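This is protein-v1.txt. It holds compact mmCIF, C-alpha atoms.
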```
# COMPACT_ATOMS: atom_id res chain seq x y z
CA MET A 1 2.97 30.74 -8.41
CA GLY A 2 3.80 28.48 -5.48
CA GLU A 3 7.53 28.97 -5.95
CA SER A 4 7.31 32.76 -6.18
CA MET A 5 4.91 33.05 -3.21
CA ASN A 6 7.07 30.76 -1.07
CA ARG A 7 10.20 32.68 -1.97
CA ASN A 8 8.88 36.17 -1.27
CA LEU A 9 5.74 35.91 0.86
CA ALA A 10 6.51 33.34 3.49
CA VAL A 11 7.28 34.76 6.96
CA TYR A 12 10.21 37.03 5.97
CA ARG A 13 9.16 39.65 3.44
CA ASN A 14 10.49 42.85 1.89
CA GLN A 15 9.33 45.46 -0.63
CA GLU A 16 11.60 44.33 -3.46
CA GLY A 17 10.73 40.63 -3.21
CA MET A 18 7.03 41.24 -2.95
CA GLU A 19 7.04 43.50 -6.00
CA GLU A 20 8.82 40.77 -7.90
CA THR A 21 6.06 38.33 -6.99
CA LEU A 22 3.38 40.83 -7.98
CA GLY A 23 4.98 40.90 -11.44
CA ASP A 24 5.19 37.10 -11.55
CA LEU A 25 1.51 36.83 -10.72
CA GLU A 26 0.56 39.26 -13.47
CA GLN A 27 2.43 37.13 -16.00
CA LEU A 28 0.90 33.93 -14.66
CA GLN A 29 -2.61 35.39 -14.85
CA GLU A 30 -1.92 36.17 -18.50
CA ARG A 31 -0.64 32.64 -19.14
CA PHE A 32 -3.62 31.17 -17.30
CA LYS A 33 -5.97 32.54 -20.00
CA THR A 34 -4.74 29.79 -22.31
CA VAL A 35 -4.23 27.01 -19.74
CA PRO A 36 -5.08 23.62 -21.26
CA VAL A 37 -7.17 20.91 -19.62
CA GLU A 38 -6.07 17.63 -21.11
CA ASN A 39 -8.68 15.47 -19.41
CA LYS A 40 -12.12 16.01 -20.98
CA GLY A 41 -13.92 13.40 -18.85
CA LYS A 42 -16.69 13.96 -16.29
CA VAL A 43 -15.51 11.31 -13.80
CA PHE A 44 -12.90 12.12 -11.11
CA ASN A 45 -11.28 14.70 -13.39
CA THR A 46 -8.50 16.09 -11.19
CA ASP A 47 -6.93 17.81 -14.19
CA LEU A 48 -10.01 20.06 -14.44
CA VAL A 49 -10.23 20.56 -10.66
CA PHE A 50 -6.58 21.64 -10.46
CA GLY A 51 -7.11 23.98 -13.43
CA LEU A 52 -10.07 25.64 -11.73
CA GLU A 53 -8.26 25.85 -8.40
CA LEU A 54 -5.20 27.43 -10.01
CA GLY A 55 -7.47 30.15 -11.42
CA PHE A 56 -8.98 30.81 -7.99
CA MET A 57 -5.55 30.92 -6.37
CA LEU A 58 -4.28 33.37 -9.00
CA ASP A 59 -7.29 35.57 -8.14
CA VAL A 60 -6.56 35.51 -4.41
CA ALA A 61 -2.75 35.55 -4.35
CA PRO A 62 -2.40 39.26 -5.37
CA SER A 63 -4.58 40.29 -2.43
CA ILE A 64 -2.01 38.73 -0.09
CA VAL A 65 0.82 40.54 -1.84
CA VAL A 66 -0.88 43.94 -2.09
CA SER A 67 -1.92 43.84 1.57
CA ALA A 68 1.54 42.74 2.71
CA ILE A 69 3.17 45.56 0.75
CA ASP A 70 0.70 48.05 2.22
CA ARG A 71 1.35 47.04 5.83
CA LYS A 72 4.62 48.72 6.72
CA ASP A 73 5.37 47.00 10.01
CA SER A 74 6.04 43.52 11.39
CA ARG A 75 3.63 41.49 13.49
CA GLY A 76 2.47 37.90 13.71
CA ALA A 77 3.14 36.01 10.52
CA GLN A 78 4.46 39.07 8.72
CA ALA A 79 8.15 39.80 9.43
CA ARG A 80 9.26 42.58 7.10
CA THR A 81 13.03 42.81 6.94
CA ASP A 82 12.64 46.44 5.75
CA TYR A 83 10.21 47.30 8.61
CA PRO A 84 11.34 44.97 11.42
CA ASN A 85 9.45 46.71 14.25
CA ARG A 86 5.88 46.54 15.37
CA ASP A 87 4.20 49.92 14.92
CA ASP A 88 0.95 50.03 16.90
CA GLU A 89 0.53 53.76 16.36
CA ASN A 90 0.00 53.41 12.61
CA TRP A 91 -0.79 49.73 12.05
CA MET A 92 -3.00 48.56 14.90
CA LYS A 93 -5.77 48.01 12.36
CA HIS A 94 -7.20 45.37 10.08
CA LEU A 95 -6.56 45.47 6.37
CA VAL A 96 -9.62 44.71 4.26
CA CYS A 97 -8.86 43.70 0.71
CA SER A 98 -11.50 43.74 -1.99
CA ALA A 99 -11.49 43.26 -5.76
CA GLY A 100 -11.24 46.60 -7.53
CA GLU A 101 -11.33 47.55 -11.21
CA THR A 102 -7.60 47.10 -11.79
CA GLY A 103 -6.74 44.71 -8.96
CA PRO A 104 -7.01 44.33 -5.20
CA GLU A 105 -7.86 47.48 -3.23
CA VAL A 106 -6.96 47.90 0.44
CA SER A 107 -9.11 49.65 3.04
CA TYR A 108 -8.92 49.62 6.86
CA ALA A 109 -11.08 48.51 9.76
CA PRO A 110 -10.56 49.18 13.47
CA VAL A 111 -9.50 46.43 15.87
CA SER A 112 -12.08 45.77 18.57
CA ILE A 113 -10.21 45.22 21.81
CA THR A 114 -11.98 43.21 24.49
CA ARG A 115 -10.65 41.57 27.63
CA TRP A 116 -7.04 41.10 26.56
CA GLU A 117 -5.09 44.12 25.40
CA PRO A 118 -2.94 43.19 22.33
CA GLU A 119 0.74 43.47 23.07
CA GLU A 120 4.06 42.62 21.53
CA ARG A 121 5.38 39.10 21.94
CA LYS A 122 8.72 39.13 23.63
CA TYR A 123 10.08 35.61 23.76
CA MET B 124 16.72 6.77 -11.76
CA LYS B 125 14.77 5.58 -14.78
CA VAL B 126 11.61 3.60 -14.05
CA THR B 127 8.56 2.27 -15.82
CA ILE B 128 5.31 2.71 -13.96
CA ARG B 129 2.76 0.22 -15.26
CA VAL B 130 -0.68 1.51 -14.32
CA ARG B 131 -3.91 -0.47 -14.35
CA ARG B 132 -6.32 2.01 -15.91
CA GLN B 133 -10.06 2.05 -16.43
CA ASP B 134 -12.35 4.75 -17.78
CA PRO B 135 -16.13 4.36 -17.38
CA GLU B 136 -16.82 7.00 -20.04
CA VAL B 137 -15.25 5.40 -23.09
CA GLU B 138 -16.78 2.77 -25.34
CA ASP B 139 -14.52 -0.04 -24.16
CA THR B 140 -14.59 0.24 -20.37
CA ALA B 141 -12.43 -2.84 -19.77
CA PRO B 142 -9.35 -2.23 -17.62
CA PHE B 143 -6.01 -2.08 -19.43
CA TRP B 144 -2.32 -1.59 -18.58
CA GLN B 145 -0.48 1.54 -19.57
CA ASP B 146 3.29 2.02 -19.24
CA TYR B 147 4.88 5.33 -18.36
CA SER B 148 8.67 5.62 -18.56
CA LEU B 149 10.12 8.46 -16.57
CA GLU B 150 13.09 9.77 -14.67
CA ILE B 151 12.59 10.15 -10.90
CA GLU B 152 14.78 11.03 -7.93
CA ASP B 153 16.50 8.07 -6.27
CA ASN B 154 14.56 8.72 -3.06
CA ALA B 155 11.18 9.24 -4.76
CA THR B 156 8.11 7.38 -3.57
CA VAL B 157 5.67 5.61 -5.87
CA LEU B 158 3.30 8.51 -5.24
CA ASP B 159 5.95 11.04 -6.33
CA ALA B 160 6.22 9.11 -9.59
CA LEU B 161 2.44 9.03 -10.10
CA ILE B 162 2.13 12.77 -9.40
CA LYS B 163 4.90 13.41 -11.91
CA ILE B 164 3.04 11.36 -14.51
CA ARG B 165 -0.17 13.26 -13.84
CA GLU B 166 1.48 16.69 -13.91
CA ASP B 167 4.00 16.28 -16.72
CA MET B 168 2.94 13.37 -18.89
CA ASP B 169 -0.75 12.49 -18.77
CA GLY B 170 -3.40 14.74 -17.22
CA THR B 171 -6.07 12.09 -17.76
CA LEU B 172 -4.63 9.81 -15.05
CA SER B 173 -6.87 9.87 -11.97
CA LEU B 174 -5.71 9.06 -8.45
CA ARG B 175 -6.48 10.13 -4.89
CA CYS B 176 -3.77 11.63 -2.72
CA SER B 177 -3.35 14.43 -0.25
CA CYS B 178 -0.79 14.54 2.57
CA ARG B 179 2.09 12.58 0.98
CA SER B 180 3.24 11.48 4.44
CA SER B 181 1.04 8.47 5.39
CA ILE B 182 -1.31 10.44 7.61
CA CYS B 183 -4.38 10.99 5.45
CA GLY B 184 -4.89 7.50 4.03
CA SER B 185 -5.93 8.66 0.54
CA CYS B 186 -3.40 6.87 -1.65
CA ALA B 187 -3.92 3.21 -0.77
CA MET B 188 -3.53 1.10 -3.90
CA ARG B 189 -2.00 -2.18 -5.00
CA ILE B 190 1.69 -1.91 -5.72
CA ASN B 191 3.17 -5.03 -7.33
CA GLY B 192 0.03 -6.93 -6.35
CA HIS B 193 -0.17 -5.95 -2.67
CA ALA B 194 -2.00 -3.05 -1.06
CA GLY B 195 -0.13 -0.21 0.57
CA LEU B 196 0.18 3.55 0.60
CA ALA B 197 1.87 4.89 -2.53
CA CYS B 198 3.37 7.69 -0.43
CA LYS B 199 4.97 5.23 2.00
CA THR B 200 6.49 3.01 -0.68
CA GLN B 201 9.95 3.91 -1.95
CA ALA B 202 10.08 3.46 -5.72
CA ALA B 203 13.65 2.10 -5.56
CA ALA B 204 12.51 -0.66 -3.19
CA ALA B 205 9.52 -1.58 -5.37
CA LEU B 206 11.37 -2.08 -8.65
CA GLN B 207 10.68 -5.41 -10.31
CA GLU B 208 12.39 -6.99 -13.27
CA GLY B 209 13.10 -4.41 -15.98
CA ASP B 210 12.74 -1.57 -13.43
CA VAL B 211 8.96 -1.87 -13.62
CA ILE B 212 6.54 -0.99 -10.82
CA GLU B 213 2.99 -2.29 -11.24
CA VAL B 214 0.27 -0.07 -9.79
CA GLU B 215 -3.40 -1.08 -9.56
CA PRO B 216 -6.46 0.30 -7.77
CA ALA B 217 -7.24 -1.12 -4.32
CA GLY B 218 -9.15 -4.41 -4.45
CA ASN B 219 -12.57 -5.41 -3.10
CA MET B 220 -14.03 -2.02 -3.97
CA PRO B 221 -15.53 -0.95 -7.31
CA VAL B 222 -13.29 1.20 -9.52
CA ILE B 223 -14.54 4.72 -10.25
CA LYS B 224 -11.69 5.58 -12.60
CA ASP B 225 -8.07 4.44 -12.91
CA LEU B 226 -6.67 4.25 -9.34
CA VAL B 227 -9.75 5.73 -7.66
CA VAL B 228 -12.17 3.31 -5.99
CA ASN B 229 -15.59 3.75 -4.41
CA PHE B 230 -15.42 3.63 -0.58
CA ASP B 231 -19.21 3.54 0.06
CA LEU B 232 -19.24 -0.09 1.23
CA PHE B 233 -16.13 0.49 3.33
CA TRP B 234 -17.88 3.26 5.29
CA ASP B 235 -21.16 1.30 5.48
CA LYS B 236 -19.32 -1.50 7.26
CA VAL B 237 -17.56 0.88 9.64
CA MET B 238 -20.95 2.41 10.50
CA GLU B 239 -22.41 -1.06 10.97
CA VAL B 240 -20.19 -1.69 14.01
CA GLU B 241 -21.55 1.54 15.60
CA PRO B 242 -18.16 3.22 16.02
CA TYR B 243 -18.89 5.26 19.14
CA LEU B 244 -18.77 4.57 22.88
CA GLN B 245 -21.89 2.98 24.34
CA PRO B 246 -21.53 2.76 28.12
CA GLN B 247 -24.29 0.76 29.81
CA GLY B 248 -23.22 0.96 33.42
CA PRO B 249 -24.30 3.69 35.82
CA GLU B 250 -23.23 7.15 34.78
CA PRO B 251 -20.30 8.47 36.85
CA GLU B 252 -20.70 11.76 38.70
CA GLY B 253 -17.90 13.44 36.77
CA GLU B 254 -16.14 12.25 33.67
CA TYR B 255 -15.40 8.60 32.86
CA VAL B 256 -12.00 7.88 34.38
CA VAL B 257 -9.83 5.15 32.88
CA SER B 258 -6.37 4.02 33.82
CA ASN B 259 -3.50 4.74 31.49
CA GLU B 260 -2.67 1.01 31.21
CA SER B 261 -6.17 0.09 30.13
CA MET B 262 -5.97 2.50 27.20
CA LEU B 263 -2.35 1.97 26.08
CA HIS B 264 -3.05 -1.16 24.05
CA LEU B 265 -5.73 0.74 22.13
CA SER B 266 -3.20 3.15 20.65
CA GLY B 267 -2.41 0.55 18.01
CA VAL B 268 -6.01 0.50 16.75
CA THR B 269 -6.63 4.21 17.00
CA ALA B 270 -3.67 4.64 14.63
CA CYS B 271 -5.98 3.46 11.81
CA ILE B 272 -6.22 6.06 9.03
CA MET B 273 -9.07 4.31 7.18
CA CYS B 274 -7.02 3.92 4.00
CA GLY B 275 -8.66 0.63 3.02
CA ALA B 276 -5.41 -1.26 2.36
CA CYS B 277 -6.54 -4.14 4.61
CA VAL B 278 -9.95 -4.32 2.93
CA SER B 279 -8.27 -4.29 -0.48
CA ASP B 280 -6.32 -7.45 0.26
CA CYS B 281 -8.81 -9.31 2.50
CA THR B 282 -9.18 -12.80 1.02
CA VAL B 283 -12.55 -13.37 2.72
CA MET B 284 -14.17 -10.22 1.33
CA GLU B 285 -13.02 -11.33 -2.10
CA VAL B 286 -15.38 -14.32 -1.93
CA ASP B 287 -17.93 -12.97 0.58
CA PRO B 288 -18.60 -9.23 0.25
CA SER B 289 -20.94 -9.40 3.26
CA PHE B 290 -17.99 -10.00 5.63
CA LEU B 291 -17.54 -6.99 7.89
CA GLY B 292 -13.87 -7.05 7.04
CA PRO B 293 -10.63 -6.08 8.78
CA ALA B 294 -11.09 -2.29 8.97
CA ALA B 295 -14.59 -2.35 10.49
CA LEU B 296 -13.69 -5.20 12.86
CA ALA B 297 -10.53 -3.43 14.05
CA LYS B 298 -12.76 -0.43 14.70
CA ALA B 299 -15.19 -2.66 16.64
CA TYR B 300 -12.30 -3.84 18.83
CA ARG B 301 -11.48 -0.22 19.61
CA PHE B 302 -14.80 -0.24 21.54
CA THR B 303 -15.05 -3.82 22.83
CA ALA B 304 -11.63 -3.30 24.44
CA ASP B 305 -12.44 0.13 25.85
CA PRO B 306 -13.18 -0.12 29.60
CA ARG B 307 -15.88 2.57 29.28
CA ASP B 308 -17.90 0.64 26.69
CA GLY B 309 -20.47 -1.99 27.67
CA ASP B 310 -21.56 -2.95 31.21
CA ASP B 311 -20.00 -1.63 34.43
CA GLU B 312 -17.23 -4.22 34.15
CA GLY B 313 -16.37 -2.86 30.70
CA VAL B 314 -17.66 -5.96 28.90
CA SER B 315 -19.36 -5.05 25.62
CA LYS B 316 -21.75 -8.00 25.61
CA ASP B 317 -24.25 -6.57 23.13
CA ARG B 318 -21.56 -5.69 20.65
CA LEU B 319 -19.91 -9.11 20.98
CA GLU B 320 -23.27 -10.80 20.44
CA GLN B 321 -23.70 -8.90 17.17
CA LEU B 322 -20.12 -9.58 16.12
CA ASN B 323 -20.73 -13.30 16.72
CA ALA B 324 -23.28 -13.34 13.91
CA PRO B 325 -22.40 -14.56 10.39
CA SER B 326 -20.14 -12.06 8.53
CA GLY B 327 -18.59 -11.15 11.89
CA ILE B 328 -15.51 -12.17 13.89
CA TRP B 329 -15.74 -15.89 13.12
CA ASP B 330 -15.55 -15.48 9.33
CA CYS B 331 -11.89 -14.41 9.27
CA THR B 332 -9.64 -17.15 7.85
CA ARG B 333 -6.49 -15.81 9.53
CA CYS B 334 -4.66 -15.39 6.21
CA LEU B 335 -2.67 -12.43 7.63
CA GLU B 336 -3.00 -10.31 4.45
CA CYS B 337 -4.54 -7.41 6.41
CA VAL B 338 -1.70 -7.42 8.92
CA GLN B 339 0.78 -7.29 6.05
CA ALA B 340 -1.09 -4.57 4.13
CA CYS B 341 -1.74 -2.17 7.02
CA PRO B 342 0.66 0.80 6.83
CA LYS B 343 0.03 1.81 10.46
CA GLY B 344 0.57 -1.43 12.38
CA VAL B 345 -3.10 -1.82 13.36
CA ALA B 346 -2.89 -5.60 12.78
CA PRO B 347 -6.65 -6.08 12.21
CA MET B 348 -6.47 -9.88 12.28
CA GLU B 349 -4.99 -9.88 15.77
CA ARG B 350 -7.86 -7.65 16.92
CA ILE B 351 -10.36 -10.09 15.42
CA MET B 352 -8.70 -12.96 17.31
CA ALA B 353 -8.80 -10.89 20.51
CA MET B 354 -12.54 -10.35 20.04
CA ARG B 355 -13.05 -14.10 19.63
CA ASP B 356 -11.40 -14.47 23.03
CA GLN B 357 -13.56 -11.70 24.45
CA ALA B 358 -16.71 -13.33 23.05
CA ILE B 359 -15.97 -16.74 24.57
CA THR B 360 -14.89 -15.17 27.87
CA ALA B 361 -18.14 -13.19 27.91
CA GLY B 362 -19.98 -16.53 27.79
CA PHE B 363 -20.84 -16.97 24.11
CA HIS B 364 -20.11 -20.69 23.67
CA ASN B 365 -23.08 -21.43 21.47
CA THR B 366 -21.70 -20.26 18.11
CA ASN B 367 -20.13 -22.20 15.25
CA GLY B 368 -16.91 -20.32 15.84
CA ALA B 369 -16.72 -20.94 19.57
CA ARG B 370 -17.67 -24.62 19.15
CA HIS B 371 -15.06 -24.98 16.39
CA THR B 372 -12.36 -23.44 18.58
CA GLU B 373 -13.28 -25.56 21.57
CA ALA B 374 -13.56 -28.79 19.53
CA PHE B 375 -10.21 -28.06 17.89
CA SER B 376 -8.47 -27.56 21.18
CA GLU B 377 -10.19 -30.55 22.79
CA SER B 378 -9.14 -32.86 19.96
CA VAL B 379 -5.51 -31.80 20.13
CA GLU B 380 -5.47 -32.06 23.91
CA GLN B 381 -6.88 -35.59 23.83
CA SER B 382 -5.06 -37.09 20.85
CA GLY B 383 -2.26 -34.71 19.84
CA THR B 384 -3.72 -34.17 16.36
CA LEU B 385 -6.92 -32.94 14.81
CA ASP B 386 -9.82 -35.36 14.48
CA GLU B 387 -11.28 -33.87 11.30
CA LEU B 388 -14.21 -36.25 11.25
CA LYS B 389 -15.50 -34.98 14.58
CA LEU B 390 -14.60 -31.33 13.98
CA VAL B 391 -17.42 -30.58 11.53
CA PRO B 392 -20.34 -31.93 13.59
CA LYS B 393 -18.88 -30.44 16.76
CA SER B 394 -18.48 -27.03 15.11
CA LEU B 395 -21.96 -27.03 13.61
CA GLY B 396 -23.56 -28.50 16.72
CA MET B 397 -24.45 -32.20 17.03
CA THR B 398 -28.17 -31.49 16.79
CA ASN B 399 -27.89 -29.16 13.80
CA ILE B 400 -29.34 -31.68 11.29
CA GLN B 401 -29.82 -29.11 8.52
CA GLY B 402 -26.28 -27.82 8.84
CA LEU B 403 -24.89 -31.35 8.84
CA LEU B 404 -26.89 -32.31 5.77
CA ASN B 405 -25.45 -29.29 3.96
CA TYR B 406 -22.03 -30.76 4.59
CA ALA B 407 -22.96 -34.21 3.21
CA PRO B 408 -21.89 -33.43 -0.41
CA VAL B 409 -18.49 -32.22 0.83
CA ALA B 410 -18.05 -35.42 2.84
CA LEU B 411 -19.03 -37.54 -0.17
CA GLN B 412 -16.61 -35.68 -2.40
CA ALA B 413 -13.82 -36.21 0.12
CA LEU B 414 -14.70 -39.90 0.26
CA THR B 415 -14.61 -40.41 -3.54
CA HIS B 416 -11.29 -38.53 -3.78
CA GLY B 417 -9.63 -40.58 -1.09
CA LYS B 418 -9.50 -37.60 1.26
CA MET B 419 -11.73 -39.02 3.97
CA PRO B 420 -10.03 -38.75 7.35
CA PRO B 421 -9.54 -42.11 9.12
CA LEU B 422 -12.64 -43.30 10.97
CA MET B 423 -10.61 -44.34 13.98
CA HIS B 424 -8.65 -41.36 15.28
CA LYS B 425 -5.46 -42.46 17.04
CA LYS B 426 -3.52 -40.77 19.79
CA ILE B 427 0.00 -39.79 18.89
CA GLU B 428 2.97 -41.19 20.74
CA GLY B 429 4.00 -38.99 23.65
CA ILE B 430 0.57 -37.42 24.04
CA GLU B 431 1.40 -36.74 27.68
CA HIS B 432 3.81 -34.01 26.51
CA VAL B 433 1.04 -32.30 24.56
CA ARG B 434 -1.19 -32.41 27.62
CA ARG B 435 1.57 -30.86 29.69
CA ILE B 436 1.58 -27.90 27.27
CA PHE B 437 -2.16 -27.52 27.79
CA GLU B 438 -1.75 -27.68 31.58
CA GLN B 439 0.94 -25.01 31.46
CA VAL B 440 -1.18 -22.73 29.27
CA ASP B 441 -4.14 -23.23 31.61
CA GLU B 442 -2.00 -22.24 34.57
CA THR B 443 -0.58 -19.09 32.98
CA GLU B 444 -4.06 -18.09 31.78
CA ARG B 445 -5.27 -18.30 35.34
```
Transcribe the structure of this file into structure tokens.
Amino acid sequence: MGESMNRNLAVYRNQEGMEETLGDLEQLQERFKTVPVENKGKVFNTDLVFGLELGFMLDVAPSIVVSAIDRKDSRGAQARTDYPNRDDENWMKHLVCSAGETGPEVSYAPVSITRWEPEERKY
Amino acid sequence: MKVTIRVRRQDPEVEDTAPFWQDYSLEIEDNATVLDALIKIREDMDGTLSLRCSCRSSICGSCAMRINGHAGLACKTQAAAALQEGDVIEVEPAGNMPVIKDLVVNFDLFWDKVMEVEPYLQPQGPEPEGEYVVSNESMLHLSGVTACIMCGACVSDCTVMEVDPSFLGPAALAKAYRFTADPRDGDDEGVSKDRLEQLNAPSGIWDCTRCLECVQACPKGVAPMERIMAMRDQAITAGFHNTNGARHTEAFSESVEQSGTLDELKLVPKSLGMTNIQGLLNYAPVALQALTHGKMPPLMHKKIEGIEHVRRIFEQVDETER
């Protein structure tokens, strides 16, 4: 999971890579159903903690990927090589990701602009 | 590089809870740290091995343990440099703290002692109109102590805590120095008299035996023992002469100044206080034992030849101190 996410969902992203990771995550979620926990103890059992955490991360990771695929522009920590420009007309909005029946579902929320008008960084 | 990591393990949940050694043979990168090796064991070989770690770059202070008998951070110790005979590296939990499981120890007492020195500024002088202003120079020497990451390596190897768990110990005392040496703490001259009075008590600054283990163990150069010695200086300078420690120091120096060597016979009563009958009586068995084993110091203490040279050293030190 870490390898695939680092490869395709670090700062530079594109459609093809992100779809690859989405597939990887699906496979990993399947494999996770039979993940073993070798340590059966109740005291400082990091084996169990890491097992639980891996499950949580596999739940959350697809929401990053689905949202990043949905957003077809570049801003902040998302630099899409296939959509290199910032597009305020269509994408000046928040993405809200929630757990749906078959996976993460994306909806939108408006950006509340206060004292400082958001603008493109040019440096 | 093929290595054997020999781990001191202990599990409180099995029938036989006694600690035991377990060997793991594995292949690691030439530049791997001891922590890299332990993580590899935990991930690929034995999920039941418990250890604490987080940052892997000697910032967080989680992975202090004994490596080949001495405390240090596993993440700061190169495996290649720690190889012993047969390419073995021995790894044990930190000392002076109870083991929870394998390499994980209970830090409760460690934190209790840090809290005991009240690790926060306590200015007693008049409050300034704005913020407290300190000069750069007066704070520079504190950077060494503030580098402490509370890893417990010094406490692990402290030879006093091993025999006297009530000793405040190197970590808490280094933390105390961070405040006694801060110009904002204490009275309007920056003298932390109340703190120093507390630190003068038994289990405080005078119980260190200057064995240097904490200085050696510390991965951040805090040098706790040197801070403890500095606080002894601060305590005497602040006027606390009436303690065993201060009397011992002064009697020691007086004896060497007058005769060139240590008059052991006079040192004990002078340290305890000449009128401290109870304290002196407690020492009687030790004196008797020394006597029967032929270890009694000579009754007549003689000056060494060339004592005037020793005195010249004292004069010079006095002058530079002033």
Within 12 Å of A:Ala79 using only C-alpha atoms, minus same-chain residues under 4 positions, as a compact mmCIF listing (two decimals) with C-alpha atoms, in the frame of the given file:
```
# COMPACT_ATOMS: atom_id res chain seq x y z
CA ASN A 8 8.88 36.17 -1.27
CA LEU A 9 5.74 35.91 0.86
CA ALA A 10 6.51 33.34 3.49
CA VAL A 11 7.28 34.76 6.96
CA TYR A 12 10.21 37.03 5.97
CA ARG A 13 9.16 39.65 3.44
CA ASN A 14 10.49 42.85 1.89
CA GLN A 15 9.33 45.46 -0.63
CA ALA A 68 1.54 42.74 2.71
CA ILE A 69 3.17 45.56 0.75
CA ARG A 71 1.35 47.04 5.83
CA LYS A 72 4.62 48.72 6.72
CA ASP A 73 5.37 47.00 10.01
CA SER A 74 6.04 43.52 11.39
CA ARG A 75 3.63 41.49 13.49
CA TYR A 83 10.21 47.30 8.61
CA PRO A 84 11.34 44.97 11.42
CA ASN A 85 9.45 46.71 14.25
CA ARG A 86 5.88 46.54 15.37
```
- Which chain A residues are at most 6 Å from chain B (counting only C-alpha atoms), as number ranges by chain? A: 38-39, 47
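With distances taken from (-15.3, -39.4, 9.9) and restricted to all atoms listed in the file, the residues inside 8 Å are Glu387, Leu388, Lys389, Met419, Pro420, Pro421, Leu422 and Met423 of chain B.
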- Item | Atom pair atom CA of B:Asp159 / atom CA of B:Cys198: separation (Å) | 7.3 Å
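Taking all atoms listed in the file into account, A:Thr34 lies nearest to A:Gly51 out of the set A:Gly76, A:Gly51, A:Pro62, A:Pro110.
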- Item | Which residue of A:Thr102, A:Ser112, A:Thr46, A:Ser63 approaches A:Met18 most closely, using all atoms listed in the file | A:Ser63
Once 4 Å is added on each side, what centre and edge lengths in Å to one decimal does the axis-aligned box around all listed atoms of stretch 32-47 of chain A have, as AutoDock Vina command-line options?
```
--center_x -10.2 --center_y 21.9 --center_z -16.7 --size_x 21.1 --size_y 29.2 --size_z 19.2
```
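Going from atom CA of A:Asp70 over to atom CA of A:Trp116, you cover 26.5 Å.
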- Item | Counting only C-alpha atoms, the residue of B:Phe375, B:Tyr300, B:Phe230, B:Tyr255 that sits nearest B:Ala276 | B:Phe230
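Atom CA of B:Tyr147 is positioned 7.4 Å from atom CA of B:Ile164.
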- Item | Near-A:Val35 list (12 Å; all atoms listed in the file; drop same-chain fewer than 4 positions) as a PyMOL selection string | chain A and resi 28-31+47-48+50-52+54-55
- Please check which residues have atoms at most 12 Å from (-21.6, 8.0, 34.1) in the file's coordinates, counting all atoms listed in the file, and write them as a ChimeraX atom specification. /B:245-256,307-311
- Who sits within 9 Å of A:Tyr108, all atoms listed in the file, same chain under 6 positions skipped, as a list in words: Lys93, His94, Leu95, Val96 and Cys97 of chain A
- Message: Can you tell me which residues surround B:Met220 at a distance of at most 9 Å, considering only C-alpha atoms, apart from same-chain residues fewer than 3 positions away, and format the answer as a PyMOL selection string?
- Response: chain B and resi 216-217+228-233+278-279
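Considering the residues B:Val409, B:Leu414, B:Ala324, B:Ala160 and counting all atoms listed in the file, B:Phe363 has its shortest atom-to-atom contact with B:Ala324.
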